[in-house]
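Worksheet: the structure to be examined is printed underneath.
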Amino acid sequence: MKQPFRTAQGGRIDRSRPVFFTFNGRQYAGHAGDTLASALLANGVHLVGRSFKYHRPRGILSAGCEEPSALVQLEKGGLTEPNMRAPVVELYDDLAATSQNAWPSVEHDIGAVNGLLSKLFVAGFYYKTFMSPKSFWMKVYEPFIRRAAGLGKAPTEGDLDIYDKMHAHCDVLVVGGGPAGLAAARAAAASGARVILIDEQNELGGALLSADELIDGNPALDWVAGIQAELLANPEVRILTRTTVTGYYDHNYLIAAQRRTDHLPRRAAGKTARQRLWKIRAARVVLATGAHERPLVFADNDRPGVMLAAAARTYANRYGALVGKKVVVFTNNDSAYEAAFDLKIAGAAIPAIVDLRPEAGQGLLERARNLGIPVIAQGAIVGVKGTKRVAGALVMRLAEAGEAFADTQPAELECDAIAMSGGWSPAVHLFSQSQGKLRFDDAKACFVPDVAAQHQASVGACNGSFELGACLAEGLDAGAAAAEAAGFPATAKLVAPVAQSRAFGTIKQTWVVPSLRPVGHGKAKHFIDFQNDVTAADVALAHREGYKHVEHLKRYTTMGMATDQGKTSNVNALGYLSTMLGTSIPEIGTTTFRAPYTPVTFGTLAGRDVGHLADPERHTPIHAWHVARGALFEDVGQWKRAWYYPRPGETMEAAVSRECRAVRESVGVLDASTLGKIDVQGQDAVTFLNLLYTSAFSKLEIGKARYALLCKEDGMVMDDGIVARVGPSRFYLTTTTGGAAKVLDWMEDYLQTEWPHLKVYLTSITEQWTVAQVAGPKARAVLEKLTDTKLDKESFPFMAVKDATVAGLKARIFRVSFTGELSFEVAVPAHQGKQLWEAIFAAGDEFGITPFGTEAMHVLRAEKGFIIVGQETDATVTPQDLGMGGMVSRLKPDFVGKRAYTRADTARVDRKQLVGLLTDEPQTVLPEGAQLVEVSDDPALTKGGTSPLPAPVPMIGHVTSSYWSPTLGRSIALALVKGGSARHGQVIMAPLTTGAVRCTITGPVFYDAEGKRANG
Amino acid sequence: MLLITCPWCGPRDEIEFTCGGEAHRARPQDPAATDDAAFADFLFMRTNPKGLQRERWCHSQGCRRWFNLERSTITHEITRIYKMGEQPEASADATSPARQGGQP
Amino acid sequence: MPAGTGGSSIFLALDGAWFLIGDDLMSELDRAACTVPLGLSAKAFAEAAGTRLALAELVPPGALNLRGDLADHGFVSKACAVLGCELPRAPNSVQSAGELTVLWLGPDEWLVLTAPGGEISLAERLEEALLETHVAVTDVSGNRAHLRLKGAAAREVLAKGCPLDLHPRMFKPGSCAQTVLARTSMLLHLLDDAPTFDLFPRRSFAPYVVAWLVDAMRDHEGVFLNAA
């Protein structure tokens, strides 16, 4: 296939390898080494997309990551990705790209009518247009904004690719593989430091890849190849190409996104991580991130074919693609002259270099003359011919001072492209993210790093040093200094290479180029922010309306808020604002630079934390048994706990009822391994526990356990569990499943920081023990078959603890009960848990032993009025509120929480207190969380549904637990009700959407209030 | 993400630690003798300075030891790390952005 | 060579990476003590020899958590006498003697690893010797699973989820560390320069850790310019 704008030779593409791709359904050919942008340009395609707001035809502005205009949608279905910048998309076989924001096609876009209505879409149009009526917001405005906003289409299918992450550490991180970065990496590596060199392009060299400079008298790329070889040979150097450092955080922690397979055909999707997130901690950082060229703001400067001069040069030199056959160059500085010369040499005609300055840098005019390029000094492009492609430039000469023209009529220069340069902005994004302070360099007309906030150095163009020799020297020095600071002094002084020097010259700060009609008048638009369609007129309007602070201006106009984050627009907007305010740019300051530097895919941020690896599932040693028995699981923190074990065809309700009945009538077994467990040892263990728990343990006998509460200093219940004394100075504690880690940390906190003099050691043994809770009237009969230890009431009373041999295993038995039934908890080392479990089930077979899950456990404990921390409590509930005042010691002089109980708020009698609720209609099960109010006839409350909202009604409490009780054959609920302990017998109601439910307040214990069964 | 030098384990990423808030807020020796206002102050009030703050941290994924550090709430610069029970003199003000960040 | 001790291992082939779980020679009880209920043949074991990267689950060792005060000479001398091994004093270091390995966990805390089943008598001897001393000896043999990851790419695999600097300059054989791997806490012990890492996750997290490692291993060849 013909590529009509391909140069005759040269460039870093492989002309022997064609690569075929489609754009908007049409097939094109490029070459290996092309980007999507360079291949499109080689085919003469400039019209790539439509703009965000006005749907203006847009082309390719840049040759790098700063691209605001040429955004495309790549691929389809599970591979699709929106807002891909064509200049950084490497071409691969069968790549399929489409234009965005255009319908029905990029050539004929219906949304372009917005351009005619542009008076409606001025700065702040969101705020002005979508204000009233209020009722329009949800149904009209928001859907409109959602449809109009954004550029590409978000994927609707699951991503077929996988992504991962990698941690990395180094002595010196060098960001940027251009001349300054390479010199820095070389110097740092030569000292023996561990170096990571990162560059966002597919190969090292940076700006040298696009230029024709000489280093040490040889082509610069020879020097690059030499350094690269040296670095590759060094095992302590890691080079990451196609990798963008997107965030610079505290303590030299940087995030980089690596595109590992994006440049390859997509057939292999899902086989290997497509992109990788690098998390890098560096002792020292050298930033060599280069600079971005700025556009000039002139009338219709967004027409396809208008692009940055350096980009045009890159396309010609690096990719062998001409941006036009006739290219007018428009500049306010010297750098664009090199572009003009190279384009001419590559085969383009240059009708003129239009220079806003009266005088170009030394030697440039002579070189232009030798190449036959006319130079129009003090000239300006005042208009562009053509809409979907540049057809000509209207040029006028400026009078010596200010905005006036020296000509009366513009001259039209026929051309098919305009290469512009408004100067250079150092890529200070990462420096600024790291909290470094910037300063405005008036001579260079750009922000440069001033004061660093972290251990870093900026070198080369990102430091405002645009000349090659300075880049090399700065890089070498900074690399060596960084290595030395990281503990690797230079072994030998490296000599900076000698570069052919081109002076940067002067720049004329022209923020908006004068045009035939003033900004804001006529049809011409002067674009500042190409991606968010912000024009000079918008900035002027915002200024007139009083938005004078740069951060306000940014939000009002949305300037710099698109996916490109204003890389090409920020300084121009600031400059223009400063001229209107009559102040200087330093006085205005700049907006904050935030991560990410360039967009990062969600997949990269998620990495492998997806699917079955999204969050750890913790399994008890009995897990496989539960699975085999058909258990469904409940998530308790990260634990998977058996919820209930339905038989084939059994409903949840039926299964839970069956499990409850088994415990009440025969015997059931619960896997209680997940409870937190702490081993407490030391001569001060009793003192320590007395200070932490609300109850006292001084009199707790060895071999006995007690249920106990932990409160925070504010007196609110934090956790509960069993405290068992297993030796003179040794205790075994349990905590709730969810509270295990928190409680241990909390205890260590007191031990290490408040009472370090106490001789106590705490050790987590949560995972050491598998615990089988054997509960029910037949529990004793089952266990007696497995142990010689006497289990009768006298030998092994309620709340006793004994070491024993169970099923041949060294075990510890706790006679505690969370179901209200006779119950033994048997603990064995975790790796023997399954043996114990199977032995218990074999022994219990004759009794119809039944595994029961957490749902039955919840029902059984609710029947007994036992609380669950986090369900009956919510960090505002005291033991007294729960009716557990008896567990709060009055004798101990101090314990955590004690002082709080005499505070006015905790001593109130009308606090919410734990009660039972019995619905008038026994079949009705209240929803947990239901609000409770006083009985009322207000139909708004009693009728539920969508009846008119009632006047505010005082809420007197809420339902904390609610179940169908198979034992009682009716519903039961626990609730926290204001002053509830004094209201037993009274009727209140729960207003639900289905109508009010009346219920009677009772005590919280519904079953076996005397506790005979557990004691039996 | 901060890089915190555990007094025992050495420099580790922030994710290995938990922060226990402001340091040197001693629990009242005799809570019963503490009046309501003073106890409420202990329970609820924190200094929240702009500048250097001393904080308690626990290397919870590592050696499980609690320790103190001094950190600028503006720059996140860590100016001191010291063990429980120690109370070194105040550092020079580290609020100036010109101060180098990172580890002491 | 693949991981595993005493030739008692079972491997599972997965996407070209070999991953070893338990042992076809091990007893039912030993197998039950492991956390990942999978098993394959000795043939797979043999085929795994010579692969670049192997992951094993070993039978968990006998393990005691030991607490005591290093400033208490009585404690140190008596404990060392019973253990027949020095207590590592330097943070993140390991001492071993015979079949005993002692890992530093904290300034007053160590993990003593011994042969499976050996923990009971060792605990009794320690408690007896340290009767009058402020110590804590706790059997933690069931607390953690024991995984072993070996091969040239082992550091790279761990680096996908571990924020610790595992570079040979920074983390040498004989080092241990309590840190984070992926979304769980992890005790690491570097045995040799192969490198061979012993990983001790909390037991309940072991299935997650194994699944995470197998996933990380499938793609261990980075695409660096200077990759081996």
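Naming works like this for the structure tokens: A, B, ... for the chains as they're shown, residue 1 at the start of each chain, ligands 1 onward in shown order.
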Considering only C-alpha atoms, give me a table of residues in chain B that are at most 9 Å from chain C, with the closest atom pair and distance in Å for each, as CSV.
residue,atom,partner,partner_atom,distance
B:Trp8,CA,C:Pro91,CA,6.2
B:Cys9,CA,C:Pro91,CA,5.8
B:Gly10,CA,C:Pro91,CA,8.5
B:Pro11,CA,C:Leu164,CA,8.9
B:Arg12,CA,C:Leu164,CA,6.8
B:Asp13,CA,C:Pro163,CA,6.6
B:Ile15,CA,C:Val180,CA,8.2
B:Glu16,CA,C:Thr179,CA,6.7
B:Gln61,CA,C:Thr179,CA,5.6
B:Gly62,CA,C:Gln178,CA,4.6
B:Cys63,CA,C:Gly106,CA,4.7
B:Arg64,CA,C:Gly106,CA,7.4
B:Arg65,CA,C:Gly106,CA,7.6
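Using only C-alpha atoms, the protein and nucleic acid residues lying no more than 7 Å from segment 46-52 of chain A, apart from those fewer than 2 places from it along its own chain, are Leu41, Gly44, Tyr54, His55, Arg56, Pro57, Arg58, Gly59, Ile60, Ala70, Leu71, Ser99, Gln100, Asn101, Ala102, Val106, Leu151, Pro304, Gly305, Lys388, Arg389, Gln531, Asn532 and Asp533 of chain A.
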Surrounding residues of Arg148 of chain C excluding itself and chain neighbours under 2 positions, 9 Å, only C-alpha atoms, as number ranges by chain: C: 3-4, 20, 54-58, 146, 150, 196-200
Could you write out that same residue set with N, CA, C and O atoms as a compact mmCIF listing (two decimals), in the first residue's frame?
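Okay, part_4.txt is ready:
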# COMPACT_ATOMS: atom_id res chain seq x y z
N ALA C 3 12.61 -27.97 45.41
CA ALA C 3 12.62 -27.79 46.85
C ALA C 3 12.21 -29.08 47.54
O ALA C 3 11.94 -30.09 46.91
N GLY C 4 12.13 -29.02 48.82
CA GLY C 4 11.68 -30.19 49.57
C GLY C 4 12.80 -30.75 50.40
O GLY C 4 13.98 -30.60 50.08
N LEU C 20 4.94 -27.69 44.29
CA LEU C 20 5.08 -28.91 45.05
C LEU C 20 4.23 -28.82 46.29
O LEU C 20 4.25 -27.82 47.00
N ALA C 54 10.58 -23.55 41.91
CA ALA C 54 9.71 -24.56 42.50
C ALA C 54 9.14 -24.04 43.80
O ALA C 54 9.80 -23.30 44.54
N LEU C 55 7.93 -24.43 44.05
CA LEU C 55 7.26 -24.06 45.29
C LEU C 55 6.82 -25.34 45.98
O LEU C 55 6.27 -26.23 45.34
N ALA C 56 7.10 -25.43 47.26
CA ALA C 56 6.72 -26.63 48.00
C ALA C 56 5.93 -26.25 49.23
O ALA C 56 6.15 -25.19 49.81
N GLU C 57 5.02 -27.11 49.62
CA GLU C 57 4.54 -27.02 50.99
C GLU C 57 5.13 -28.19 51.75
O GLU C 57 5.00 -29.34 51.35
N LEU C 58 5.79 -27.88 52.85
CA LEU C 58 6.41 -28.91 53.67
C LEU C 58 5.53 -29.17 54.88
O LEU C 58 4.70 -28.35 55.25
N HIS C 146 4.15 -24.03 56.22
CA HIS C 146 5.56 -23.94 55.84
C HIS C 146 5.68 -24.15 54.33
O HIS C 146 5.46 -25.24 53.83
N LYS C 150 12.01 -21.80 45.70
CA LYS C 150 13.42 -21.92 45.34
C LYS C 150 13.60 -21.69 43.85
O LYS C 150 12.80 -22.17 43.05
N THR C 196 16.85 -19.87 48.14
CA THR C 196 15.77 -20.67 48.70
C THR C 196 15.15 -19.89 49.85
O THR C 196 15.84 -19.52 50.79
N PHE C 197 13.87 -19.61 49.72
CA PHE C 197 13.15 -18.90 50.77
C PHE C 197 12.21 -19.86 51.48
O PHE C 197 11.46 -20.59 50.82
N ASP C 198 12.24 -19.85 52.80
CA ASP C 198 11.17 -20.49 53.56
C ASP C 198 10.14 -19.42 53.88
O ASP C 198 10.49 -18.32 54.33
N LEU C 199 8.90 -19.75 53.65
CA LEU C 199 7.80 -18.81 53.88
C LEU C 199 6.89 -19.42 54.94
O LEU C 199 6.48 -20.58 54.81
N PHE C 200 6.59 -18.64 55.94
CA PHE C 200 5.71 -19.14 57.00
C PHE C 200 4.48 -18.24 57.11
O PHE C 200 4.46 -17.31 57.91
Closest-contact table, chain B side, partner chain A, 10 Å, counting only C-alpha atoms, as CSV:
residue,atom,partner,partner_atom,distance
B:Met1,CA,A:Asp250,CA,5.5
B:Leu2,CA,A:His251,CA,5.7
B:Leu3,CA,A:His251,CA,6.1
B:Ile4,CA,A:His251,CA,9.2
B:Asp13,CA,A:Arg281,CA,9.1
B:Thr18,CA,A:Asp745,CA,9.5
B:Gly20,CA,A:Asp749,CA,8.8
B:Ala23,CA,A:Thr753,CA,10.0
B:His24,CA,A:Thr753,CA,9.6
B:Ala26,CA,A:Glu754,CA,7.5
B:Arg27,CA,A:Glu754,CA,7.2
B:Pro28,CA,A:Arg899,CA,9.9
B:Gln29,CA,A:Asp894,CA,9.5
B:Asp30,CA,A:Asp894,CA,7.7
B:Pro31,CA,A:Arg899,CA,5.8
B:Ala32,CA,A:Arg899,CA,5.8
B:Ala33,CA,A:Arg899,CA,9.0
B:Thr34,CA,A:Arg899,CA,8.4
B:Asp35,CA,A:Arg903,CA,9.4
B:Asp36,CA,A:Arg903,CA,6.6
B:Ala37,CA,A:Arg903,CA,9.7
B:Phe39,CA,A:Arg899,CA,8.1
B:Ala40,CA,A:Arg903,CA,8.8
B:Phe42,CA,A:Glu713,CA,9.4
B:Leu43,CA,A:Asp714,CA,6.8
B:Phe44,CA,A:Asp714,CA,9.1
B:Arg56,CA,A:Thr753,CA,9.4
B:Trp57,CA,A:Asp749,CA,9.7
B:Cys58,CA,A:Asp749,CA,8.3
B:Ser60,CA,A:Asp745,CA,7.5
B:Arg64,CA,A:Asp745,CA,7.8
B:Arg65,CA,A:Gln752,CA,7.6
B:Trp66,CA,A:Gln752,CA,6.7
B:Phe67,CA,A:Thr753,CA,8.5
B:Thr75,CA,A:Ala453,CA,8.0
B:His76,CA,A:Asp250,CA,7.0
B:Glu77,CA,A:His251,CA,7.8
B:Ile78,CA,A:His251,CA,9.3
B:Lys83,CA,A:Thr753,CA,9.9
B:Met84,CA,A:Thr753,CA,6.3
B:Gly85,CA,A:Thr753,CA,7.5
B:Ser96,CA,A:Ala453,CA,9.3
B:Pro97,CA,A:Ala453,CA,5.9
B:Ala98,CA,A:Ala453,CA,6.1
B:Arg99,CA,A:Ala453,CA,6.5
B:Gln100,CA,A:Gln454,CA,5.2
B:Gly101,CA,A:Gln454,CA,4.6
B:Gly102,CA,A:His251,CA,4.4
B:Gln103,CA,A:His251,CA,7.3
Residue hits in chain A, query chain C, radius 6 Å, only C-alpha atoms, as a PyMOL selection string: chain A and resi 165-167+232+616+618-620+681+767-768+829-831
DSSP helix (DSSP H, G or I) residues within chain B, listed as a PyMOL selection string: chain B and resi 14-16+31-33+36-44
Grab the residues selected above and save them as a short mmCIF file (atom, residue, chain, number, x, y, z; two decimals), in the first residue's frame with N, CA, C and O atoms.
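This went into part25.cif:
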data_model
loop_
_atom_site.label_atom_id
_atom_site.label_comp_id
_atom_site.auth_asym_id
_atom_site.auth_seq_id
_atom_site.Cartn_x
_atom_site.Cartn_y
_atom_site.Cartn_z
N GLU B 14 5.37 1.96 55.03
CA GLU B 14 4.31 2.37 55.95
C GLU B 14 3.24 1.30 56.14
O GLU B 14 2.65 1.18 57.22
N ILE B 15 2.98 0.48 55.09
CA ILE B 15 1.89 -0.50 55.20
C ILE B 15 2.16 -1.54 56.28
O ILE B 15 1.25 -2.24 56.68
N GLU B 16 3.41 -1.65 56.76
CA GLU B 16 3.69 -2.63 57.81
C GLU B 16 3.33 -2.09 59.20
O GLU B 16 3.43 -2.81 60.19
N PRO B 31 -7.32 7.53 87.52
CA PRO B 31 -8.47 8.05 86.77
C PRO B 31 -9.61 8.49 87.68
O PRO B 31 -10.31 9.47 87.38
N ALA B 32 -9.80 7.78 88.79
CA ALA B 32 -10.92 8.12 89.67
C ALA B 32 -10.77 9.53 90.20
O ALA B 32 -11.77 10.23 90.47
N ALA B 33 -9.53 9.99 90.37
CA ALA B 33 -9.30 11.31 90.93
C ALA B 33 -9.25 12.39 89.86
O ALA B 33 -8.99 13.56 90.14
N ASP B 36 -14.06 15.48 85.50
CA ASP B 36 -14.70 15.22 84.21
C ASP B 36 -14.03 15.95 83.06
O ASP B 36 -13.81 15.40 81.99
N ALA B 37 -13.69 17.21 83.30
CA ALA B 37 -13.11 18.02 82.22
C ALA B 37 -11.76 17.45 81.80
O ALA B 37 -11.48 17.29 80.61
N ALA B 38 -10.94 17.12 82.79
CA ALA B 38 -9.61 16.59 82.47
C ALA B 38 -9.72 15.23 81.80
O ALA B 38 -8.98 14.91 80.87
N PHE B 39 -10.69 14.42 82.25
CA PHE B 39 -10.83 13.10 81.65
C PHE B 39 -11.36 13.21 80.22
O PHE B 39 -10.92 12.48 79.33
N ALA B 40 -12.31 14.13 80.02
CA ALA B 40 -12.82 14.34 78.66
C ALA B 40 -11.69 14.81 77.76
O ALA B 40 -11.60 14.41 76.58
N ASP B 41 -10.82 15.64 78.30
CA ASP B 41 -9.68 16.10 77.52
C ASP B 41 -8.80 14.92 77.11
O ASP B 41 -8.38 14.80 75.96
N PHE B 42 -8.55 14.04 78.05
CA PHE B 42 -7.75 12.84 77.75
C PHE B 42 -8.44 11.96 76.71
O PHE B 42 -7.81 11.44 75.79
N LEU B 43 -9.74 11.82 76.85
CA LEU B 43 -10.47 10.94 75.94
C LEU B 43 -10.57 11.48 74.52
O LEU B 43 -10.38 10.76 73.56
N PHE B 44 -10.90 12.77 74.42
CA PHE B 44 -11.37 13.26 73.13
C PHE B 44 -10.46 14.27 72.45
O PHE B 44 -10.57 14.45 71.24
#
Gap from atom CA of Ala316 of chain A to atom CA of Glu414 of chain A - Å, one decimal: 20.4 Å
